[in-house]
Amino acid sequence: MRAERIYSLLKDFMALPTVTGTADENLALPFYQNFFEQCPYFRERPDHWGTWLCPEDRFHRKVMWGLVRGKSPRTVVLIHHMDVVDVTQYERYQKLAYLPDGIKPILQNGSLPVSDDVKGDLDGEDWIFGRGACDMKAGAAIEMTLLEEYAAQEDVPGSLLLLAVPDEETGSAGMRAAASLFEALEKKFGLQFTLMVDTEPHGRTQENAYVIHDGSIGKMMPVVLARGKSVHLGNVYDGLNPIHLMSALARETELWPEMVERRGNTTTPGATWLSLRDRRTAYNVSLPATAGGYLNVLTLTQTPKDVLHALCRSAAVAGAKVIASMKERYAFYRIQTPEAPADPFPAQVQVLTFGALKQAVLSHDPEAISIEDPILKRVQAGACDLREGALELMEAYLARWESTDPCFVIGLAAPYYPPVNNSELSTQSMADRMVSHLSETLQSFGLELQVDNYFKGICDLSYTMFTADASTIDFVAKNLVFWGEAYEIPLALIQRYSMPVFNIGPWGKDLHNLGERVNRKDLIEHTPALIQRVIEDAWNEA
């Protein structure tokens, strides 16, 4: 019965094209509404389920929630996301991508190019193919089935809260909104949040090793604007090319060793630049005035302050190297041109954070705050994304700054994902006992347990706990562009409701790709048993 119900829910949910970052994410809401209305427990208790609006969301997306209220306020939270990535890779078979029985024959007959590994898994019934099968409607189907099972029982020992959130693949608007939902549900039902379980899929290096995670990696996106000195190209030695500045900074920080961290059994890769270009909108015969870009930094322990200060140090080094290089090359030019003037270059390139720049501008011109509104409105309307908007706003403030010297301005762009791990909390011993019990459960299936300390795919678990001090929250508020306007994380609330986490999801392969698939046995047998074990362990903990 459990297996059939999970698979039925998975197919029904997969059929909905809830593509991330679009209004189609809302196609999931009637699916959940029908689920709750068909369940006797929730039909009799309409105040035990509902929606929670994501604030300031242009698509009006909502979190869907349902609560089985047990004898104890000890509450386990099950989370999953309802959005999926697009299906453009499937070309003319895009509609079939959402149907396991529709896309599998297409992949089998070679109509779309797939790897040998995919071809091998197409034989037999061990794998379920299609968009969302792996990431992560399989996890949703498991959670919904377990919620339904507990709702049918009498005298449930503890409470179980299910959260279905939108926007995980883009900016986690749903999970960022969930902290205020926790506050509302705590007040209404007297809940005590004890554990959160996510069901993102896992990958394997050994077929008999089931992987769970007791934390999730962090992500930051520093955004950098460089101002040089724009001159006609015929007088290039009188100017300073901001592209030169940004290129030097990229050379200093691409695959940045200072950002490589090791904690537990997880190592972060060095930072990498995702965008780097000049900021002019049309061609002219002069050096560009500014250039900018942003880079991706994955973290385990480093705070936003750590990362931005390290980037400021590297920017100072990059600026010094650019000036030294220009002097060296100008010396060669002077040998050829004796009448050329002496060294025309600045002594240094200034470096400041976005927070410092904004404070400096507003301290002498409070009315300058008005420059934010038109850019903010374009971001909120979707006319430009948060990264591009951040660069535009930094440029606008830089134009109001009293200094005209070459400089780097360094801030943060959304999204921001704090790193989380159970070792940060006082409940570590409880989590360790749960891991031991999970290992016993897996042994009954002939599987081994592998615990990875951080889920490296970046996920909503980042908004489950926050253990940094108040100064970190203040630093983020000052330096993350559009904080509190187009983007915000309720860090203080998350800190208040911090709880241990596990990611326990089925074995999946090729998420976001043509061969996306989930292992059938993990879906209907292994993963539900593991999640049931941690739920009941959490309820029974003293």
# chains A, B, ... in the order shown; residues from 1 in each chain; ligands from 1
call {"tool": "residues_around", "arguments": {"residues": "Thr266 in chain A", "least_positions_apart": "2", "cutoff": "8 Å", "atoms": "only C-alpha atoms", "output": "MDAnalysis selection string"}}
result
chainID A and resid 262:264 268 452:454
call {"tool": "residues_around", "arguments": {"residues": "Tyr497 in chain A", "least_positions_apart": "6", "cutoff": "8 Å", "atoms": "only C-alpha atoms", "output": "MDAnalysis selection string"}}
result
chainID A and resid 179 182 193 464:465
call {"tool": "select_by_dssp", "arguments": {"residues": "range 409-516 of chain A", "states": "alpha helix (DSSP H)", "output": "MDAnalysis selection string"}}
result
chainID A and resid 428:443 470:479 491:496
call {"tool": "atom_distance", "arguments": {"atom1": "CA of Lys188 in chain A", "atom2": "CA of Ala431 in chain A"}}
result
27.5 Å
call {"tool": "closest_residue", "arguments": {"among": "A:Gln153, A:Thr467, A:Gln380, A:Ser498", "to": "Thr301 in chain A", "atoms": "only C-alpha atoms"}}
result
A:Thr467
call {"tool": "residues_around", "arguments": {"residues": "Leu147 in chain A", "least_positions_apart": "4", "cutoff": "12 Å", "atoms": "only C-alpha atoms", "output": "VMD selection string"}}
result
chain A and resid 2 5 to 6 35 to 36 39 41 to 42 49 65 to 70 76 to 79 140 to 143 151 to 153 156 159 to 163 528 531 to 532 535
call {"tool": "write_last_selection", "arguments": {"atoms": "N, CA, C and O atoms", "output": "short mmCIF file (atom, residue, chain, number, x, y, z; two decimals), in the first residue's frame"}}
result
data_model
loop_
_atom_site.label_atom_id
_atom_site.label_comp_id
_atom_site.auth_asym_id
_atom_site.auth_seq_id
_atom_site.Cartn_x
_atom_site.Cartn_y
_atom_site.Cartn_z
N ARG A 2 1.89 1.30 0.88
CA ARG A 2 2.77 2.48 0.93
C ARG A 2 3.45 2.69 -0.41
O ARG A 2 3.49 3.82 -0.93
N ARG A 5 1.11 4.07 -3.05
CA ARG A 5 0.71 5.45 -2.78
C ARG A 5 1.83 6.42 -3.12
O ARG A 5 1.58 7.48 -3.73
N ILE A 6 3.06 6.08 -2.77
CA ILE A 6 4.20 6.96 -3.09
C ILE A 6 4.32 7.14 -4.59
O ILE A 6 4.46 8.26 -5.10
N PHE A 35 -4.87 16.98 -1.92
CA PHE A 35 -4.31 15.99 -1.00
C PHE A 35 -4.87 16.18 0.40
O PHE A 35 -5.31 15.21 1.04
N PHE A 36 -4.87 17.39 0.87
CA PHE A 36 -5.36 17.64 2.23
C PHE A 36 -6.88 17.43 2.33
O PHE A 36 -7.38 16.90 3.32
N CYS A 39 -7.88 13.79 2.68
CA CYS A 39 -7.43 13.09 3.89
C CYS A 39 -8.43 13.38 5.03
O CYS A 39 -8.65 14.55 5.38
N TYR A 41 -8.29 13.24 8.25
CA TYR A 41 -7.76 14.02 9.37
C TYR A 41 -7.80 15.51 9.06
O TYR A 41 -8.25 16.32 9.89
N PHE A 42 -7.34 15.88 7.89
CA PHE A 42 -7.27 17.31 7.55
C PHE A 42 -8.63 17.87 7.14
O PHE A 42 -8.90 19.05 7.34
N TRP A 49 -4.01 22.86 8.23
CA TRP A 49 -3.28 22.94 6.97
C TRP A 49 -3.64 24.26 6.29
O TRP A 49 -4.64 24.89 6.60
N TRP A 65 1.45 24.00 3.86
CA TRP A 65 1.81 23.32 5.10
C TRP A 65 0.66 22.48 5.62
O TRP A 65 -0.51 22.75 5.35
N GLY A 66 1.01 21.42 6.34
CA GLY A 66 0.02 20.58 6.99
C GLY A 66 0.61 20.01 8.28
O GLY A 66 1.77 19.61 8.30
N LEU A 67 -0.19 19.99 9.33
CA LEU A 67 0.29 19.58 10.66
C LEU A 67 -0.55 18.44 11.22
O LEU A 67 -1.77 18.56 11.33
N VAL A 68 0.11 17.33 11.56
CA VAL A 68 -0.51 16.30 12.38
C VAL A 68 -0.10 16.60 13.82
O VAL A 68 1.07 16.50 14.18
N ARG A 69 -1.07 16.98 14.63
CA ARG A 69 -0.80 17.39 16.02
C ARG A 69 -0.92 16.16 16.92
O ARG A 69 -1.99 15.57 17.04
N GLY A 70 0.19 15.77 17.54
CA GLY A 70 0.20 14.59 18.39
C GLY A 70 0.11 14.93 19.86
O GLY A 70 -0.18 16.07 20.24
N VAL A 76 8.58 17.26 14.42
CA VAL A 76 9.51 17.00 13.32
C VAL A 76 8.97 17.71 12.08
O VAL A 76 7.78 17.60 11.76
N VAL A 77 9.84 18.44 11.40
CA VAL A 77 9.46 19.18 10.20
C VAL A 77 10.00 18.44 8.98
O VAL A 77 11.20 18.18 8.88
N LEU A 78 9.12 18.10 8.05
CA LEU A 78 9.52 17.51 6.77
C LEU A 78 9.42 18.60 5.71
O LEU A 78 8.36 19.22 5.56
N ILE A 79 10.49 18.83 4.97
CA ILE A 79 10.44 19.87 3.93
C ILE A 79 10.80 19.28 2.57
O ILE A 79 11.57 18.34 2.46
N ALA A 140 9.00 14.60 -2.16
CA ALA A 140 7.68 15.12 -1.80
C ALA A 140 6.68 13.98 -1.61
O ALA A 140 5.91 13.95 -0.65
N ALA A 141 6.69 13.02 -2.54
CA ALA A 141 5.74 11.91 -2.47
C ALA A 141 5.97 11.07 -1.22
O ALA A 141 5.00 10.60 -0.58
N ILE A 142 7.23 10.87 -0.86
CA ILE A 142 7.54 10.12 0.36
C ILE A 142 7.01 10.85 1.59
O ILE A 142 6.34 10.26 2.45
N GLU A 143 7.28 12.13 1.69
CA GLU A 143 6.86 12.91 2.85
C GLU A 143 5.34 12.95 2.97
O GLU A 143 4.77 12.81 4.07
N ALA A 151 -1.41 10.65 10.02
CA ALA A 151 -2.71 11.28 10.20
C ALA A 151 -3.81 10.25 10.43
O ALA A 151 -4.85 10.56 11.03
N ALA A 152 -3.59 9.03 9.95
CA ALA A 152 -4.59 7.97 10.10
C ALA A 152 -4.48 7.25 11.44
O ALA A 152 -5.34 6.43 11.77
N GLN A 153 -3.43 7.52 12.20
CA GLN A 153 -3.22 6.85 13.47
C GLN A 153 -3.87 7.64 14.62
O GLN A 153 -4.03 8.85 14.54
N VAL A 156 -0.87 9.72 18.19
CA VAL A 156 0.49 9.86 17.66
C VAL A 156 1.37 10.49 18.75
O VAL A 156 0.97 11.49 19.37
N SER A 159 4.37 15.49 17.10
CA SER A 159 3.73 16.25 16.01
C SER A 159 4.60 16.22 14.76
O SER A 159 5.83 16.13 14.85
N LEU A 160 3.94 16.28 13.62
CA LEU A 160 4.64 16.21 12.33
C LEU A 160 4.13 17.33 11.44
O LEU A 160 2.93 17.43 11.16
N LEU A 161 5.04 18.16 11.00
CA LEU A 161 4.70 19.32 10.15
C LEU A 161 5.33 19.12 8.78
O LEU A 161 6.54 18.91 8.67
N LEU A 162 4.52 19.20 7.75
CA LEU A 162 5.03 19.13 6.37
C LEU A 162 5.03 20.53 5.77
O LEU A 162 4.04 21.25 5.86
N LEU A 163 6.16 20.89 5.15
CA LEU A 163 6.27 22.16 4.42
C LEU A 163 6.65 21.88 2.98
O LEU A 163 7.67 21.23 2.71
N PRO A 528 11.54 5.85 2.86
CA PRO A 528 10.44 5.99 3.82
C PRO A 528 10.75 5.35 5.17
O PRO A 528 10.39 5.91 6.22
N ILE A 531 13.19 7.67 7.14
CA ILE A 531 12.55 8.89 7.65
C ILE A 531 11.60 8.55 8.80
O ILE A 531 11.54 9.27 9.80
N GLN A 532 10.87 7.45 8.67
CA GLN A 532 10.01 7.02 9.77
C GLN A 532 10.83 6.79 11.03
O GLN A 532 10.40 7.15 12.14
N ILE A 535 11.85 10.20 12.57
CA ILE A 535 10.67 10.88 13.13
C ILE A 535 10.38 10.33 14.53
O ILE A 535 10.23 11.09 15.50
#
call {"tool": "select_by_dssp", "arguments": {"residues": "range 169-386 of chain A", "states": "strand (DSSP E or B)", "output": "short mmCIF file (atom, residue, chain, number, x, y, z; two decimals) with C-alpha atoms, in the first residue's frame"}}
result
data_model
loop_
_atom_site.label_atom_id
_atom_site.label_comp_id
_atom_site.auth_asym_id
_atom_site.auth_seq_id
_atom_site.Cartn_x
_atom_site.Cartn_y
_atom_site.Cartn_z
CA GLN A 192 8.49 22.65 19.89
CA PHE A 193 10.57 22.29 16.73
CA THR A 194 12.87 19.33 17.30
CA LEU A 195 14.24 18.17 13.93
CA MET A 196 14.05 19.06 10.25
CA VAL A 197 14.31 16.45 7.51
CA ASP A 198 14.82 17.35 3.86
CA HIS A 202 21.73 11.72 -2.93
CA ALA A 209 26.20 2.79 0.44
CA TYR A 210 23.17 4.97 1.24
CA VAL A 211 24.24 8.59 1.77
CA ILE A 212 22.65 10.99 4.23
CA HIS A 213 23.78 14.50 5.19
CA GLY A 215 24.44 19.64 7.25
CA SER A 216 24.42 21.75 4.11
CA GLY A 218 26.91 27.64 2.46
CA LYS A 219 27.00 29.96 -0.54
CA MET A 220 27.83 33.63 -0.96
CA MET A 221 27.98 35.79 -4.04
CA PRO A 222 30.36 38.74 -3.63
CA VAL A 223 29.74 41.41 -6.26
CA VAL A 224 32.53 43.77 -7.32
CA LEU A 225 32.55 47.08 -9.18
CA ALA A 226 35.82 48.58 -10.37
CA ARG A 227 36.16 52.22 -11.41
CA LYS A 229 39.71 56.50 -15.37
CA HIS A 232 40.14 58.65 -25.28
CA LEU A 240 43.16 53.39 -16.12
CA TRP A 256 40.91 30.99 -4.66
CA ARG A 262 37.91 21.40 5.16
CA ARG A 263 35.48 20.40 7.87
CA THR A 266 33.76 17.86 3.27
CA THR A 267 36.05 20.24 1.35
CA ALA A 271 35.81 30.42 -5.50
CA THR A 272 34.99 30.97 -9.15
CA TRP A 273 33.84 33.99 -11.17
CA LEU A 274 30.44 33.68 -12.82
CA SER A 275 30.36 37.07 -14.56
CA LEU A 276 32.98 39.65 -15.54
CA ARG A 277 32.50 42.50 -18.04
CA ASP A 278 32.64 46.23 -18.60
CA SER A 286 37.35 55.53 -24.91
CA THR A 290 33.60 50.93 -14.83
CA ALA A 291 33.64 47.14 -14.99
CA GLY A 292 32.10 44.61 -12.67
CA GLY A 293 31.25 41.04 -11.94
CA TYR A 294 30.38 38.52 -9.27
CA LEU A 295 31.84 35.30 -8.01
CA ASN A 296 30.54 32.20 -6.29
CA VAL A 297 31.99 31.28 -2.88
CA LEU A 298 31.03 28.06 -1.07
CA THR A 299 31.61 28.03 2.68
CA GLN A 350 41.15 52.44 -3.18
CA VAL A 351 39.11 49.52 -1.85
CA LEU A 352 35.86 49.86 0.12
CA THR A 353 32.79 47.82 0.92
#
call {"tool": "atom_distance", "arguments": {"atom1": "CA of Gly124 in chain A", "atom2": "CA of Gln94 in chain A"}}
result
23.3 Å
call {"tool": "residues_around", "arguments": {"residues": "Arg400 in chain A", "least_positions_apart": "6", "cutoff": "10 Å", "atoms": "only C-alpha atoms", "output": "ChimeraX atom specification"}}
result
/A:357-358,360-362,364-365,368,371
call {"tool": "closest_atom_pairs", "arguments": {"of": "range 382-438 of chain A", "to": "range 310-327 of chain A", "cutoff": "10 Å", "atoms": "only C-alpha atoms", "output": "CSV"}}
result
residue,atom,partner,partner_atom,distance
A:Pro406,CA,A:Gly319,CA,9.1
A:Cys407,CA,A:Gly319,CA,8.2
A:Phe408,CA,A:Ala315,CA,7.0
A:Val409,CA,A:Cys312,CA,8.7
A:Ile410,CA,A:Cys312,CA,7.1
A:Gly411,CA,A:Leu311,CA,9.7
call {"tool": "closest_residue", "arguments": {"among": "A:Phe455, A:Tyr417, A:Tyr150, A:Tyr98", "to": "Gly132 in chain A", "atoms": "only C-alpha atoms"}}
result
A:Tyr98
call {"tool": "closest_residue", "arguments": {"among": "A:Ala414, A:Pro40, A:Ser363, A:Ala383", "to": "Trp401 in chain A", "atoms": "only C-alpha atoms"}}
result
A:Ser363
call {"tool": "atom_distance", "arguments": {"atom1": "CA of Ser8 in chain A", "atom2": "CA of Leu112 in chain A"}}
result
26.5 Å
call {"tool": "closest_residue", "arguments": {"among": "A:Ala340, A:Ala184, A:Leu233, A:Leu308", "to": "Leu412 in chain A", "atoms": "only C-alpha atoms"}}
result
A:Leu308
call {"tool": "closest_residue", "arguments": {"among": "A:Glu392, A:Asp214, A:Asp83, A:Glu541", "to": "Glu372 in chain A", "atoms": "only C-alpha atoms"}}
result
A:Glu392
call {"tool": "residues_around", "arguments": {"residues": "Asp86 in chain A", "least_positions_apart": "4", "cutoff": "10 Å", "atoms": "only C-alpha atoms", "output": "PDB file with all heavy atoms, in the first residue's frame"}}
result
ATOM      1  N   PRO A  17       3.992  20.999 -14.547  1.00  0.00           N
ATOM      2  CA  PRO A  17       5.240  21.672 -14.950  1.00  0.00           C
ATOM      3  C   PRO A  17       5.549  22.886 -14.069  1.00  0.00           C
ATOM      4  O   PRO A  17       5.492  24.042 -14.503  1.00  0.00           O
ATOM      5  CB  PRO A  17       4.960  22.082 -16.395  1.00  0.00           C
ATOM      6  CG  PRO A  17       3.480  22.308 -16.432  1.00  0.00           C
ATOM      7  CD  PRO A  17       2.882  21.299 -15.486  1.00  0.00           C
ATOM      8  N   THR A  18       5.925  22.630 -12.833  1.00  0.00           N
ATOM      9  CA  THR A  18       6.136  23.703 -11.853  1.00  0.00           C
ATOM     10  C   THR A  18       7.543  24.297 -12.011  1.00  0.00           C
ATOM     11  O   THR A  18       8.377  24.185 -11.118  1.00  0.00           O
ATOM     12  CB  THR A  18       5.931  23.156 -10.435  1.00  0.00           C
ATOM     13  OG1 THR A  18       6.762  21.998 -10.244  1.00  0.00           O
ATOM     14  CG2 THR A  18       4.493  22.766 -10.197  1.00  0.00           C
ATOM     15  N   VAL A  19       7.771  24.940 -13.125  1.00  0.00           N
ATOM     16  CA  VAL A  19       9.116  25.422 -13.471  1.00  0.00           C
ATOM     17  C   VAL A  19       9.523  26.584 -12.567  1.00  0.00           C
ATOM     18  O   VAL A  19       8.759  27.539 -12.363  1.00  0.00           O
ATOM     19  CB  VAL A  19       9.178  25.838 -14.945  1.00  0.00           C
ATOM     20  CG1 VAL A  19      10.546  26.444 -15.282  1.00  0.00           C
ATOM     21  CG2 VAL A  19       8.897  24.630 -15.837  1.00  0.00           C
ATOM     22  N   THR A  20      10.710  26.497 -12.048  1.00  0.00           N
ATOM     23  CA  THR A  20      11.198  27.468 -11.074  1.00  0.00           C
ATOM     24  C   THR A  20      11.268  28.882 -11.642  1.00  0.00           C
ATOM     25  O   THR A  20      11.536  29.081 -12.836  1.00  0.00           O
ATOM     26  CB  THR A  20      12.587  27.037 -10.558  1.00  0.00           C
ATOM     27  OG1 THR A  20      12.944  27.838  -9.429  1.00  0.00           O
ATOM     28  CG2 THR A  20      13.667  27.175 -11.633  1.00  0.00           C
ATOM     29  N   GLY A  21      11.029  29.843 -10.768  1.00  0.00           N
ATOM     30  CA  GLY A  21      11.126  31.243 -11.166  1.00  0.00           C
ATOM     31  C   GLY A  21      10.024  31.704 -12.092  1.00  0.00           C
ATOM     32  O   GLY A  21      10.161  32.723 -12.768  1.00  0.00           O
ATOM     33  N   TYR A  90      14.984  18.698 -23.455  1.00  0.00           N
ATOM     34  CA  TYR A  90      14.221  17.613 -24.063  1.00  0.00           C
ATOM     35  C   TYR A  90      13.703  17.953 -25.464  1.00  0.00           C
ATOM     36  O   TYR A  90      13.002  17.144 -26.088  1.00  0.00           O
ATOM     37  CB  TYR A  90      13.047  17.230 -23.154  1.00  0.00           C
ATOM     38  CG  TYR A  90      13.476  16.581 -21.854  1.00  0.00           C
ATOM     39  CD1 TYR A  90      13.767  17.360 -20.735  1.00  0.00           C
ATOM     40  CD2 TYR A  90      13.588  15.210 -21.730  1.00  0.00           C
ATOM     41  CE1 TYR A  90      14.148  16.783 -19.533  1.00  0.00           C
ATOM     42  CE2 TYR A  90      13.961  14.619 -20.534  1.00  0.00           C
ATOM     43  CZ  TYR A  90      14.254  15.417 -19.437  1.00  0.00           C
ATOM     44  OH  TYR A  90      14.637  14.839 -18.252  1.00  0.00           O
ATOM     45  N   GLN A  94       9.390  17.963 -24.849  1.00  0.00           N
ATOM     46  CA  GLN A  94       9.314  18.630 -23.551  1.00  0.00           C
ATOM     47  C   GLN A  94       8.074  18.229 -22.754  1.00  0.00           C
ATOM     48  O   GLN A  94       8.144  18.039 -21.536  1.00  0.00           O
ATOM     49  CB  GLN A  94       9.355  20.149 -23.743  1.00  0.00           C
ATOM     50  CG  GLN A  94      10.707  20.648 -24.231  1.00  0.00           C
ATOM     51  CD  GLN A  94      10.769  22.160 -24.384  1.00  0.00           C
ATOM     52  OE1 GLN A  94      10.024  22.879 -23.740  1.00  0.00           O
ATOM     53  NE2 GLN A  94      11.664  22.636 -25.234  1.00  0.00           N
ATOM     54  N   ALA A  97       8.527  15.029 -20.942  1.00  0.00           N
ATOM     55  CA  ALA A  97       9.546  15.014 -19.891  1.00  0.00           C
ATOM     56  C   ALA A  97       8.931  14.877 -18.505  1.00  0.00           C
ATOM     57  O   ALA A  97       9.588  14.379 -17.585  1.00  0.00           O
ATOM     58  CB  ALA A  97      10.390  16.283 -19.962  1.00  0.00           C
ATOM     59  N   ARG A 131      11.538  14.652 -15.598  1.00  0.00           N
ATOM     60  CA  ARG A 131      11.819  15.881 -14.867  1.00  0.00           C
ATOM     61  C   ARG A 131      11.078  15.893 -13.536  1.00  0.00           C
ATOM     62  O   ARG A 131       9.861  15.723 -13.496  1.00  0.00           O
ATOM     63  CB  ARG A 131      11.423  17.102 -15.698  1.00  0.00           C
ATOM     64  CG  ARG A 131      11.615  18.431 -14.993  1.00  0.00           C
ATOM     65  CD  ARG A 131      13.105  18.686 -14.635  1.00  0.00           C
ATOM     66  NE  ARG A 131      13.867  19.114 -15.783  1.00  0.00           N
ATOM     67  CZ  ARG A 131      14.973  18.517 -16.214  1.00  0.00           C
ATOM     68  NH1 ARG A 131      15.445  17.445 -15.598  1.00  0.00           N
ATOM     69  NH2 ARG A 131      15.622  18.972 -17.259  1.00  0.00           N
ATOM     70  N   GLY A 132      11.847  16.090 -12.473  1.00  0.00           N
ATOM     71  CA  GLY A 132      11.278  16.110 -11.139  1.00  0.00           C
ATOM     72  C   GLY A 132      11.293  14.767 -10.447  1.00  0.00           C
ATOM     73  O   GLY A 132      11.076  14.696  -9.224  1.00  0.00           O
ATOM     74  N   HIS A 512      18.574  17.700 -13.163  1.00  0.00           N
ATOM     75  CA  HIS A 512      18.646  18.848 -14.066  1.00  0.00           C
ATOM     76  C   HIS A 512      19.063  18.451 -15.482  1.00  0.00           C
ATOM     77  O   HIS A 512      19.196  19.320 -16.342  1.00  0.00           O
ATOM     78  CB  HIS A 512      19.602  19.945 -13.554  1.00  0.00           C
ATOM     79  CG  HIS A 512      19.217  20.541 -12.259  1.00  0.00           C
ATOM     80  ND1 HIS A 512      19.820  21.679 -11.755  1.00  0.00           N
ATOM     81  CD2 HIS A 512      18.278  20.197 -11.341  1.00  0.00           C
ATOM     82  CE1 HIS A 512      19.289  21.981 -10.579  1.00  0.00           C
ATOM     83  NE2 HIS A 512      18.345  21.085 -10.309  1.00  0.00           N
ATOM     84  N   ASN A 513      19.281  17.167 -15.753  1.00  0.00           N
ATOM     85  CA  ASN A 513      19.733  16.738 -17.077  1.00  0.00           C
ATOM     86  C   ASN A 513      18.728  15.781 -17.722  1.00  0.00           C
ATOM     87  O   ASN A 513      17.732  15.379 -17.116  1.00  0.00           O
ATOM     88  CB  ASN A 513      21.113  16.076 -16.978  1.00  0.00           C
ATOM     89  CG  ASN A 513      22.194  17.089 -16.631  1.00  0.00           C
ATOM     90  OD1 ASN A 513      22.257  18.152 -17.245  1.00  0.00           O
ATOM     91  ND2 ASN A 513      23.016  16.779 -15.655  1.00  0.00           N
TER      92      ASN A 513
END
call {"tool": "residues_around", "arguments": {"residues": "Gln495 in chain A", "least_positions_apart": "4", "cutoff": "12 Å", "atoms": "only C-alpha atoms", "output": "PyMOL selection string"}}
result
chain A and resi 179-180+182-183+418+420+424-425+462-470+473+489-491+499-500
call {"tool": "closest_atom_pairs", "arguments": {"of": "range 187-235 of chain A", "to": "range 135-138 of chain A", "cutoff": "9 Å", "atoms": "only C-alpha atoms", "output": "Markdown table"}}
result
| residue | atom | partner | partner_atom | distance |
| --- | --- | --- | --- | --- |
| A:Thr199 | CA | A:Met136 | CA | 7.4 |
| A:Glu200 | CA | A:Met136 | CA | 6.0 |
| A:Pro201 | CA | A:Asp135 | CA | 6.5 |
call {"tool": "write_last_selection", "arguments": {"atoms": "all heavy atoms", "output": "mmCIF file, in the first residue's frame"}}
result
data_model
loop_
_atom_site.group_PDB
_atom_site.id
_atom_site.type_symbol
_atom_site.label_atom_id
_atom_site.label_comp_id
_atom_site.auth_asym_id
_atom_site.auth_seq_id
_atom_site.Cartn_x
_atom_site.Cartn_y
_atom_site.Cartn_z
ATOM 1 N N THR A 199 14.441 15.969 1.892
ATOM 2 C CA THR A 199 14.524 14.726 1.119
ATOM 3 C C THR A 199 15.123 14.962 -0.258
ATOM 4 O O THR A 199 14.691 14.385 -1.261
ATOM 5 C CB THR A 199 13.134 14.071 1.002
ATOM 6 O OG1 THR A 199 12.164 15.058 0.634
ATOM 7 C CG2 THR A 199 12.721 13.432 2.312
ATOM 8 N N GLU A 200 16.117 15.847 -0.340
ATOM 9 C CA GLU A 200 16.865 16.015 -1.582
ATOM 10 C C GLU A 200 17.550 14.695 -1.942
ATOM 11 O O GLU A 200 18.000 13.947 -1.058
ATOM 12 C CB GLU A 200 17.925 17.111 -1.425
ATOM 13 C CG GLU A 200 17.383 18.523 -1.273
ATOM 14 C CD GLU A 200 17.007 19.152 -2.604
ATOM 15 O OE1 GLU A 200 17.108 18.465 -3.658
ATOM 16 O OE2 GLU A 200 16.607 20.333 -2.605
ATOM 17 N N PRO A 201 17.656 14.368 -3.222
ATOM 18 C CA PRO A 201 18.272 13.102 -3.616
ATOM 19 C C PRO A 201 19.765 13.061 -3.288
ATOM 20 O O PRO A 201 20.403 14.100 -3.149
ATOM 21 C CB PRO A 201 18.051 13.060 -5.123
ATOM 22 C CG PRO A 201 17.987 14.512 -5.520
ATOM 23 C CD PRO A 201 17.279 15.199 -4.378
#
